[in-house]
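Trainee: Got data06.txt for you, compact mmCIF, C-alpha atoms:
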# COMPACT_ATOMS: atom_id res chain seq x y z
CA MET A 1 -79.40 -35.39 65.61
CA ARG A 2 -76.91 -36.58 68.23
CA ILE A 3 -73.91 -34.93 69.87
CA PRO A 4 -70.93 -35.53 67.55
CA ARG A 5 -68.44 -38.20 68.66
CA THR A 6 -65.50 -35.91 68.06
CA GLY A 7 -65.36 -32.14 68.14
CA ARG A 8 -64.89 -29.89 65.14
CA SER A 9 -62.39 -27.09 64.66
CA ALA A 10 -63.32 -23.47 65.20
CA ASP A 11 -62.52 -22.67 61.57
CA GLU A 12 -64.85 -25.39 60.32
CA LEU A 13 -67.69 -24.31 62.58
CA LEU A 14 -67.29 -20.64 61.68
CA ALA A 15 -67.35 -21.53 58.00
CA GLU A 16 -70.61 -23.45 58.45
CA ILE A 17 -72.13 -20.62 60.44
CA GLY A 18 -71.17 -18.21 57.70
CA GLU A 19 -73.01 -20.30 55.15
CA LEU A 20 -76.06 -20.65 57.37
CA ARG A 21 -76.26 -16.92 58.00
CA LYS A 22 -76.62 -16.18 54.30
CA GLY A 23 -80.31 -17.05 54.70
CA ASP A 24 -80.89 -14.73 57.66
CA ILE A 25 -82.49 -11.30 57.32
CA ASP A 26 -80.23 -8.46 56.18
CA TRP A 27 -80.89 -5.87 58.86
CA ARG A 28 -77.53 -4.11 58.59
CA HIS A 29 -78.44 -2.65 55.21
CA GLY A 30 -81.97 -1.55 56.11
CA ARG A 31 -83.72 -4.50 54.45
CA ALA A 32 -85.61 -5.61 57.59
CA PHE A 33 -88.43 -3.81 59.38
CA SER A 34 -88.71 -5.91 62.54
CA LEU A 35 -86.77 -7.93 65.14
CA VAL A 36 -83.62 -5.74 65.13
CA TYR A 37 -83.44 -2.03 65.94
CA ASN A 38 -80.45 -0.88 63.92
CA ALA A 39 -78.84 2.32 65.18
CA ASP A 40 -76.70 2.53 62.03
CA ASP A 41 -73.83 3.65 64.28
CA PRO A 42 -70.54 1.78 63.64
CA GLU A 43 -68.89 3.15 66.79
CA LEU A 44 -71.78 1.97 68.97
CA ASP A 45 -71.80 -1.38 67.19
CA GLU A 46 -68.09 -1.91 67.87
CA LEU A 47 -68.51 -0.82 71.49
CA LEU A 48 -71.34 -3.29 72.08
CA HIS A 49 -69.39 -6.16 70.51
CA THR A 50 -66.40 -5.39 72.75
CA VAL A 51 -68.47 -5.01 75.92
CA GLY A 52 -70.52 -8.10 75.11
CA ALA A 53 -67.34 -10.18 74.83
CA MET A 54 -65.95 -8.73 78.07
CA PHE A 55 -69.01 -9.73 80.10
CA LEU A 56 -70.09 -12.82 78.15
CA HIS A 57 -69.30 -15.24 80.99
CA GLU A 58 -70.16 -13.02 83.96
CA ASN A 59 -73.10 -14.17 86.12
CA ALA A 60 -75.30 -11.51 87.71
CA LEU A 61 -76.89 -14.08 90.03
CA ASN A 62 -74.72 -12.73 92.85
CA PRO A 63 -74.10 -9.06 92.11
CA PHE A 64 -71.79 -8.69 95.11
CA ARG A 65 -69.27 -10.91 93.30
CA TYR A 66 -69.51 -8.67 90.26
CA ARG A 67 -69.57 -5.16 91.64
CA THR A 68 -69.09 -3.72 88.15
CA LEU A 69 -72.39 -5.27 87.08
CA LEU A 70 -74.07 -4.12 90.30
CA LYS A 71 -72.96 -0.55 89.59
CA MET A 72 -74.04 -0.77 85.94
CA GLU A 73 -77.46 -2.28 86.69
CA THR A 74 -78.17 0.22 89.45
CA GLU A 75 -77.27 3.12 87.18
CA VAL A 76 -79.38 1.80 84.28
CA ILE A 77 -82.39 1.52 86.60
CA ASP A 78 -81.72 4.99 88.03
CA MET A 79 -81.55 6.49 84.53
CA ALA A 80 -84.79 4.76 83.54
CA VAL A 81 -86.47 5.96 86.74
CA GLY A 82 -85.45 9.52 85.90
CA LEU A 83 -86.47 9.25 82.25
CA PHE A 84 -89.99 8.01 82.97
CA GLY A 85 -90.65 9.60 86.36
CA ALA A 86 -90.89 6.29 88.24
CA GLY A 87 -90.13 5.58 91.87
CA CYS A 88 -88.12 2.38 91.52
CA GLY A 89 -87.69 -0.68 89.34
CA SER A 90 -85.55 -3.54 88.12
CA MET A 91 -84.00 -4.90 84.94
CA SER A 92 -85.24 -7.97 83.11
CA SER A 93 -84.36 -9.97 80.01
CA GLY A 94 -86.97 -8.37 77.76
CA GLY A 95 -90.53 -7.21 77.34
CA THR A 96 -92.11 -10.59 77.99
CA GLU A 97 -90.36 -10.95 81.34
CA SER A 98 -91.10 -7.34 82.29
CA ILE A 99 -94.77 -7.94 81.53
CA PHE A 100 -94.74 -11.22 83.45
CA LEU A 101 -93.29 -9.46 86.47
CA ALA A 102 -95.86 -6.65 86.31
CA VAL A 103 -98.72 -9.16 86.02
CA GLN A 104 -97.32 -11.26 88.88
CA THR A 105 -97.03 -8.12 91.02
CA ALA A 106 -100.62 -7.14 90.21
CA ARG A 107 -101.83 -10.69 90.94
CA ASP A 108 -100.14 -10.80 94.34
CA HIS A 109 -101.32 -7.29 95.16
CA ALA A 110 -104.89 -8.40 94.42
CA ARG A 111 -104.50 -11.62 96.42
CA SER A 112 -103.37 -9.58 99.41
CA ARG A 113 -106.81 -7.97 99.20
CA GLY A 114 -108.59 -11.31 99.21
CA ILE A 115 -109.13 -11.71 95.46
CA GLU A 116 -108.54 -15.38 94.67
CA ARG A 117 -108.45 -15.27 90.84
CA PRO A 118 -107.68 -11.71 89.76
CA GLN A 119 -108.60 -10.24 86.40
CA LEU A 120 -106.49 -8.24 83.95
CA VAL A 121 -108.35 -5.90 81.59
CA CYS A 122 -106.78 -4.95 78.26
CA ALA A 123 -107.58 -4.17 74.63
CA ASP A 124 -107.21 -6.81 71.94
CA THR A 125 -104.18 -4.87 70.68
CA ALA A 126 -102.22 -5.59 73.90
CA HIS A 127 -99.07 -7.63 73.37
CA PRO A 128 -99.52 -11.45 73.48
CA ALA A 129 -97.14 -11.51 76.46
CA PHE A 130 -100.10 -10.43 78.61
CA ALA A 131 -102.10 -13.46 77.49
CA LYS A 132 -99.06 -15.64 78.12
CA ALA A 133 -98.53 -14.19 81.59
CA CYS A 134 -102.20 -14.66 82.47
CA HIS A 135 -102.01 -18.27 81.24
CA TYR A 136 -98.99 -19.09 83.38
CA LEU A 137 -99.96 -17.05 86.46
CA ASP A 138 -103.64 -18.04 86.73
CA VAL A 139 -104.95 -14.57 86.02
CA GLU A 140 -108.13 -14.13 83.99
CA MET A 141 -107.75 -11.89 80.95
CA VAL A 142 -110.70 -9.66 80.06
CA ARG A 143 -110.03 -8.73 76.42
CA LEU A 144 -111.83 -5.76 74.87
CA GLY A 145 -112.14 -4.70 71.26
CA HIS A 146 -110.25 -1.62 70.07
CA GLY A 147 -112.00 1.48 68.77
CA PRO A 148 -112.30 2.88 65.24
CA ASP A 149 -108.92 4.63 65.64
CA GLY A 150 -107.11 1.45 66.73
CA ARG A 151 -106.90 2.59 70.34
CA ALA A 152 -108.30 1.11 73.53
CA VAL A 153 -111.75 2.44 74.48
CA PRO A 154 -111.96 3.73 78.09
CA GLU A 155 -115.74 3.31 78.24
CA ARG A 156 -115.32 -0.41 77.61
CA TYR A 157 -112.78 -0.59 80.43
CA ALA A 158 -115.19 1.17 82.77
CA ALA A 159 -117.90 -1.38 81.96
CA ALA A 160 -115.51 -4.30 82.44
CA ILE A 161 -114.19 -3.33 85.90
CA GLY A 162 -115.53 -5.63 88.60
CA ASP A 163 -114.80 -7.02 92.05
CA ARG A 164 -111.94 -9.19 90.75
CA THR A 165 -110.20 -6.56 88.61
CA ALA A 166 -106.54 -6.29 89.56
CA VAL A 167 -104.94 -4.25 86.78
CA LEU A 168 -105.83 -2.25 83.69
CA VAL A 169 -103.37 -2.32 80.78
CA ALA A 170 -102.62 0.43 78.27
CA SER A 171 -100.14 0.27 75.37
CA SER A 172 -97.78 3.08 74.44
CA PRO A 173 -97.91 2.30 71.60
CA CYS A 174 -99.54 -0.98 70.63
CA TYR A 175 -97.44 -3.06 68.26
CA PRO A 176 -99.96 -3.78 65.49
CA PHE A 177 -100.90 -0.18 64.67
CA GLY A 178 -98.37 2.10 66.40
CA VAL A 179 -101.05 4.09 68.23
CA ILE A 180 -100.94 5.12 71.90
CA ASP A 181 -103.90 4.13 74.04
CA PRO A 182 -105.62 6.89 76.09
CA VAL A 183 -103.42 6.29 79.13
CA HIS A 184 -104.77 9.31 81.02
CA ASP A 185 -108.34 8.03 80.90
CA ILE A 186 -107.48 4.38 81.61
CA ALA A 187 -105.19 5.30 84.51
CA GLY A 188 -107.89 7.61 85.84
CA LEU A 189 -110.34 4.71 85.88
CA ALA A 190 -107.75 2.59 87.71
CA ALA A 191 -107.27 5.26 90.36
CA GLU A 192 -111.02 5.77 90.71
CA HIS A 193 -111.56 2.05 91.34
CA ASP A 194 -108.38 1.58 93.43
CA VAL A 195 -106.79 -0.92 91.06
CA LEU A 196 -103.40 -0.94 89.36
CA CYS A 197 -102.59 0.41 85.89
CA HIS A 198 -99.71 -0.93 83.81
CA VAL A 199 -98.40 0.90 80.75
CA ASP A 200 -96.73 -1.36 78.21
CA ALA A 201 -94.07 0.94 76.75
CA CYS A 202 -91.78 -1.96 75.86
CA LEU A 203 -91.69 -0.70 72.31
CA GLY A 204 -92.04 3.05 72.68
CA GLY A 205 -90.46 3.79 76.03
CA TRP A 206 -86.92 4.53 74.87
CA ILE A 207 -87.94 6.71 71.91
CA LEU A 208 -91.06 8.59 73.05
CA PRO A 209 -89.20 11.09 75.30
CA TRP A 210 -87.01 12.14 72.36
CA TRP A 211 -89.94 12.02 69.90
CA GLU A 212 -91.71 14.54 72.13
CA ARG A 213 -88.61 16.74 72.45
CA LEU A 214 -88.43 16.90 68.65
CA GLY A 215 -91.82 18.62 68.68
CA GLN A 216 -94.04 15.65 67.89
CA LYS A 217 -97.43 15.47 69.57
CA VAL A 218 -97.31 12.76 72.23
CA PRO A 219 -100.29 12.18 74.56
CA PRO A 220 -99.50 11.66 78.26
CA TRP A 221 -98.30 8.09 78.78
CA ASP A 222 -95.77 7.63 81.63
CA PHE A 223 -95.63 8.23 85.40
CA ARG A 224 -96.54 11.86 84.86
CA VAL A 225 -100.07 10.48 84.54
CA PRO A 226 -101.77 9.98 87.93
CA GLY A 227 -102.93 6.40 88.36
CA VAL A 228 -100.11 4.76 86.39
CA THR A 229 -98.56 2.29 88.83
CA SER A 230 -96.14 0.30 86.64
CA LEU A 231 -94.46 0.55 83.26
CA SER A 232 -92.30 -1.69 81.07
CA ALA A 233 -89.74 -0.42 78.53
CA ASP A 234 -87.23 -2.43 76.50
CA ILE A 235 -83.73 -1.00 76.21
CA HIS A 236 -82.95 -3.49 73.46
CA LYS A 237 -85.46 -1.78 71.19
CA TYR A 238 -85.03 1.97 70.75
CA GLY A 239 -82.42 2.05 73.50
CA TYR A 240 -80.17 0.44 70.84
CA THR A 241 -78.42 -2.19 72.93
CA PHE A 242 -78.35 -5.88 72.01
CA LYS A 243 -81.07 -8.29 73.08
CA GLY A 244 -81.73 -9.18 76.67
CA ALA A 245 -82.30 -5.80 78.36
CA SER A 246 -85.56 -4.29 79.61
CA VAL A 247 -86.85 -2.48 82.68
CA VAL A 248 -90.03 -2.84 84.70
CA LEU A 249 -90.72 0.21 86.84
CA TYR A 250 -93.11 1.04 89.68
CA ARG A 251 -94.49 4.16 91.25
CA ASP A 252 -93.66 2.96 94.78
CA ARG A 253 -91.38 0.42 96.43
CA ASP A 254 -94.21 -1.56 98.04
CA LEU A 255 -95.20 -2.84 94.59
CA LEU A 256 -91.60 -3.67 93.67
CA GLN A 257 -91.26 -5.73 96.85
CA ARG A 258 -94.04 -8.03 95.62
CA GLN A 259 -91.77 -8.89 92.69
CA VAL A 260 -88.84 -9.92 94.92
CA PHE A 261 -88.37 -13.62 95.75
CA MET A 262 -86.34 -14.72 98.77
CA TYR A 263 -85.75 -18.28 99.99
CA ASP A 264 -83.39 -19.77 102.57
CA SER A 265 -85.11 -23.06 103.47
CA TRP A 266 -82.38 -25.20 101.94
CA PRO A 267 -78.74 -25.94 102.83
CA GLY A 268 -77.23 -23.66 100.18
CA GLY A 269 -77.82 -20.28 101.81
CA LEU A 270 -80.05 -17.35 100.96
CA TYR A 271 -81.42 -17.25 97.42
CA ALA A 272 -82.88 -13.91 96.39
CA SER A 273 -83.81 -12.31 93.08
CA SER A 274 -85.81 -9.32 91.91
CA SER A 275 -86.79 -10.96 88.62
CA SER A 276 -87.88 -14.40 87.46
CA ALA A 277 -84.37 -15.38 86.37
CA GLY A 278 -81.70 -16.72 88.68
CA THR A 279 -78.54 -16.88 86.62
CA ARG A 280 -78.34 -13.84 84.37
CA SER A 281 -75.74 -13.06 81.77
CA GLY A 282 -73.79 -9.93 82.57
CA ALA A 283 -73.52 -8.98 78.90
CA PRO A 284 -77.00 -7.41 78.46
CA ILE A 285 -76.55 -5.35 81.62
CA ALA A 286 -73.16 -4.08 80.47
CA GLY A 287 -74.47 -3.53 76.95
CA ALA A 288 -77.43 -1.45 78.15
CA TRP A 289 -75.20 0.67 80.40
CA SER A 290 -72.70 1.20 77.58
CA ALA A 291 -75.32 2.10 74.95
CA ILE A 292 -77.09 4.64 77.15
CA ASN A 293 -73.85 6.28 78.27
CA HIS A 294 -72.38 6.27 74.77
CA LEU A 295 -75.40 7.88 73.14
CA GLY A 296 -76.56 10.24 75.87
CA GLU A 297 -79.43 12.63 75.27
CA GLU A 298 -77.73 14.13 72.20
CA GLY A 299 -77.25 10.72 70.61
CA TYR A 300 -80.82 9.65 71.24
CA LEU A 301 -82.14 12.90 69.80
CA ARG A 302 -79.92 12.47 66.73
CA LEU A 303 -81.08 8.89 66.10
CA THR A 304 -84.71 9.76 66.78
CA SER A 305 -84.50 12.59 64.27
CA ARG A 306 -83.41 10.05 61.64
CA VAL A 307 -86.28 7.74 62.61
CA LEU A 308 -88.74 10.63 62.35
CA ASP A 309 -87.43 11.60 58.91
CA ALA A 310 -87.64 8.04 57.60
CA THR A 311 -91.11 7.51 59.11
CA THR A 312 -92.48 10.71 57.61
CA ARG A 313 -91.18 9.84 54.16
CA LEU A 314 -92.37 6.24 54.36
CA ARG A 315 -95.87 7.23 55.45
CA SER A 316 -96.16 9.79 52.68
CA GLY A 317 -94.76 7.39 50.10
CA VAL A 318 -96.98 4.44 51.05
CA THR A 319 -100.18 6.49 50.89
CA ALA A 320 -99.13 7.84 47.47
CA ILE A 321 -99.09 4.32 45.98
CA ASP A 322 -102.31 3.48 44.19
CA GLY A 323 -104.41 1.01 46.16
CA LEU A 324 -102.50 1.22 49.46
CA ARG A 325 -103.59 2.90 52.68
CA ILE A 326 -102.30 3.13 56.25
CA THR A 327 -104.73 1.32 58.55
CA PHE A 328 -104.67 3.77 61.49
CA ASP A 329 -102.91 7.10 61.97
CA PRO A 330 -99.79 6.13 64.00
CA ASP A 331 -98.34 8.10 66.90
CA LEU A 332 -94.83 6.80 66.45
CA SER A 333 -92.41 5.06 64.09
CA LEU A 334 -94.38 1.93 63.24
CA PHE A 335 -97.57 1.31 61.33
CA GLU A 336 -99.62 -1.16 59.37
CA PHE A 337 -100.63 -0.57 55.77
CA GLY A 338 -103.11 -2.56 53.71
CA SER A 339 -105.52 -2.34 50.81
CA ASP A 340 -109.13 -2.90 49.81
CA THR A 341 -108.15 -3.88 46.28
CA VAL A 342 -104.61 -5.33 46.35
CA ASP A 343 -103.62 -8.79 47.66
CA MET A 344 -101.19 -7.82 50.42
CA ASN A 345 -99.81 -11.35 50.82
CA ALA A 346 -98.89 -11.30 47.15
CA VAL A 347 -97.31 -7.85 47.59
CA CYS A 348 -95.27 -9.19 50.50
CA ASP A 349 -94.17 -12.17 48.39
CA ALA A 350 -92.97 -9.76 45.72
CA MET A 351 -91.10 -7.68 48.32
CA ASP A 352 -89.52 -10.87 49.70
CA ASN A 353 -88.28 -11.61 46.20
CA ARG A 354 -86.66 -8.18 46.13
CA GLY A 355 -84.83 -8.85 49.40
CA TRP A 356 -87.07 -6.90 51.81
CA ASN A 357 -88.36 -8.34 55.07
CA LEU A 358 -91.77 -7.10 56.24
CA ASP A 359 -94.05 -8.58 58.87
CA ARG A 360 -97.44 -9.87 57.71
CA GLN A 361 -100.40 -8.96 59.90
CA GLN A 362 -104.07 -9.82 59.67
CA GLY A 363 -104.84 -6.41 58.19
CA GLY A 364 -101.81 -5.92 55.96
CA LEU A 365 -98.06 -5.39 56.25
CA HIS A 366 -96.14 -3.89 59.14
CA LEU A 367 -93.20 -1.48 59.20
CA MET A 368 -90.98 -0.79 62.21
CA VAL A 369 -88.64 2.08 61.38
CA SER A 370 -85.02 2.35 62.60
CA PRO A 371 -82.40 5.06 61.98
CA GLY A 372 -80.78 3.15 59.11
CA HIS A 373 -83.99 3.10 57.11
CA ASP A 374 -83.51 6.74 56.15
CA ARG A 375 -80.92 5.50 53.65
CA VAL A 376 -83.26 3.14 51.81
CA VAL A 377 -86.64 4.93 51.77
CA ASP A 378 -86.62 5.74 48.05
CA GLU A 379 -85.48 2.25 47.02
CA PHE A 380 -88.07 0.62 49.27
CA LEU A 381 -90.94 2.78 48.00
CA GLY A 382 -89.94 2.13 44.39
CA ASP A 383 -89.99 -1.62 44.94
CA LEU A 384 -93.27 -1.39 46.88
CA ALA A 385 -94.96 0.56 44.09
CA ALA A 386 -93.82 -2.05 41.57
CA ALA A 387 -94.99 -4.88 43.83
CA ALA A 388 -98.42 -3.29 44.31
CA ALA A 389 -98.82 -2.82 40.56
CA ARG A 390 -97.45 -6.22 39.43
CA HIS A 391 -97.46 -8.76 42.23
CA GLY A 392 -98.92 -11.96 40.78
CA GLU A 393 -100.62 -14.58 42.97
CA ALA A 394 -99.80 -15.05 46.65
CA ARG A 395 -97.84 -18.09 47.75
CA GLY A 396 -99.98 -18.37 50.87
CA GLY A 397 -97.76 -16.95 53.61
CA GLY A 398 -99.28 -16.68 57.10
CA HIS A 399 -99.52 -13.82 59.60
CA VAL A 400 -96.61 -14.66 61.91
CA TYR A 401 -95.31 -12.34 64.64
CA GLY A 402 -92.74 -14.74 66.08
CA GLY A 403 -91.96 -18.02 67.75
CA VAL A 404 -91.25 -21.65 66.95
CA VAL A 405 -92.76 -24.57 68.85
CA ILE A 406 -90.57 -27.68 68.83
Represent the structure contained in this file as structure tokens.

Mentor:
Amino acid sequence: MRIPRTGRSADELLAEIGELRKGDIDWRHGRAFSLVYNADDPELDELLHTVGAMFLHENALNPFRYRTLLKMETEVIDMAVGLFGAGCGSMSSGGTESIFLAVQTARDHARSRGIERPQLVCADTAHPAFAKACHYLDVEMVRLGHGPDGRAVPERYAAAIGDRTAVLVASSPCYPFGVIDPVHDIAGLAAEHDVLCHVDACLGGWILPWWERLGQKVPPWDFRVPGVTSLSADIHKYGYTFKGASVVLYRDRDLLQRQVFMYDSWPGGLYASSSSAGTRSGAPIAGAWSAINHLGEEGYLRLTSRVLDATTRLRSGVTAIDGLRITFDPDLSLFEFGSDTVDMNAVCDAMDNRGWNLDRQQGGLHLMVSPGHDRVVDEFLGDLAAAAARHGEARGGGHVYGGVVI
């Protein structure tokens, strides 16, 4: 396809976009269980649309030209530092970049100690962004099998630590199963061997504090745990802002400084950034600041209570359906369910036909619960029971988490 010779009117383009979007997932009505974290809050939604438009063209490359963004970003980081007990940190565009930055920091920290090709140790449930970061940054990944409860196994970490180990990784929780790794034990090993420990809380970071305050049992997972040196947490997940906002946090500023890039050996003046991006849209920064300040602690507790209610009902309802079982006992608001007798790909096909959007995993189907799902639990479970009982043959769908290669 080539660039059109003449431009098209806004009305024509908007009409085409409207037609195209009819095939996209319907997350606003609770039909999707991944990709979008729907707060089901019309006032917040309107606020984010307004703020996004206000800062759509702003460039955070030079924050001193946009002092509003500088103030917003600084306050978002400060609030994250306080929430997780960190020492310092920075914003990024999402979990993948936050993980990249943490791995790059660990690599450079290890190189400063004379380790030429550092190693990262993680469980096989760690997010693929760690494998991607290791691939790009010339870090060797040591990948360990998970235990019978879906969690990382500290004894396997202990056996894997060697002279080139730079960082141990724990997930809070891991995406596939929704279970929290034993952060206390893994971080303790890191401290014992004088290596770094990163907690991937990209998914759980902005809901776990409220989950715990609602009386749910949450094992230690953040900077309250000695030995944790860095942590990533996406605001565009359970922080309920739009995409493009995450934080990567550190226990001390010396580690953060390894993330900073400065360069003035060219005619254009000093170039400096604390993340991998140069030009950054101001909209995600403003959106994150607005969402956090709009919701406050009371808002996050209210939304988390809805997530907890929906999760509890979904878990109970799934296990009550003949032939279905939850793979591992989750610690949070996401889980995989499968079967020893039912073709789960065929079940997913049947749910697709009914307008639901579930992720297919190697062991079954995956649910990520948002506040708006409390409105559709009964309808979903009714359709799932029918699909499990009368699903027909599978069309052959694959286990796809995300991404298109062009």

Trainee: Restricting the calculation to all atoms listed in the file: of A:Leu56, A:Ala201, A:Leu332, A:Leu35, which residue gets closest to Phe84 (chain A)?

Mentor: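 Result for the nearest residue to Phe84 (chain A): A:Ala201.
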
Trainee: Record the distance separating CA of Leu295 (chain A) and CA of Leu203 (chain A), expressed in Å with one decimal.

Mentor: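 Here the two named atoms are 18.4 Å from each other.
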
Trainee: Could you give me, as a VMD selection string, the residues within 9 Å of Gly372 (chain A), counting all atoms listed in the file and dropping anything in the same chain fewer than 5 positions from it?

Mentor: chain A and resid 28 to 30 37 to 41 306 to 307 310

Trainee: Could you state the separation of CA of Trp206 (chain A) and CA of Val247 (chain A) in Å, given to one decimal place?

Mentor: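 One can read the CA of Trp206 (chain A) to CA of Val247 (chain A) distance as 10.5 Å.
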
Trainee: Using CA of Gly363 (chain A) and CA of His184 (chain A) as the two end points, give the distance in Å to one decimal.

Mentor: 27.7 Å

Trainee: Could you name the residues that touch region 314-319 of chain A at 12 Å or less, counting only C-alpha atoms, but leaving out those on the same chain fewer than 6 positions away, as a PyMOL selection string?

Mentor: chain A and resi 33+307-308+325-339+365-370+373-388
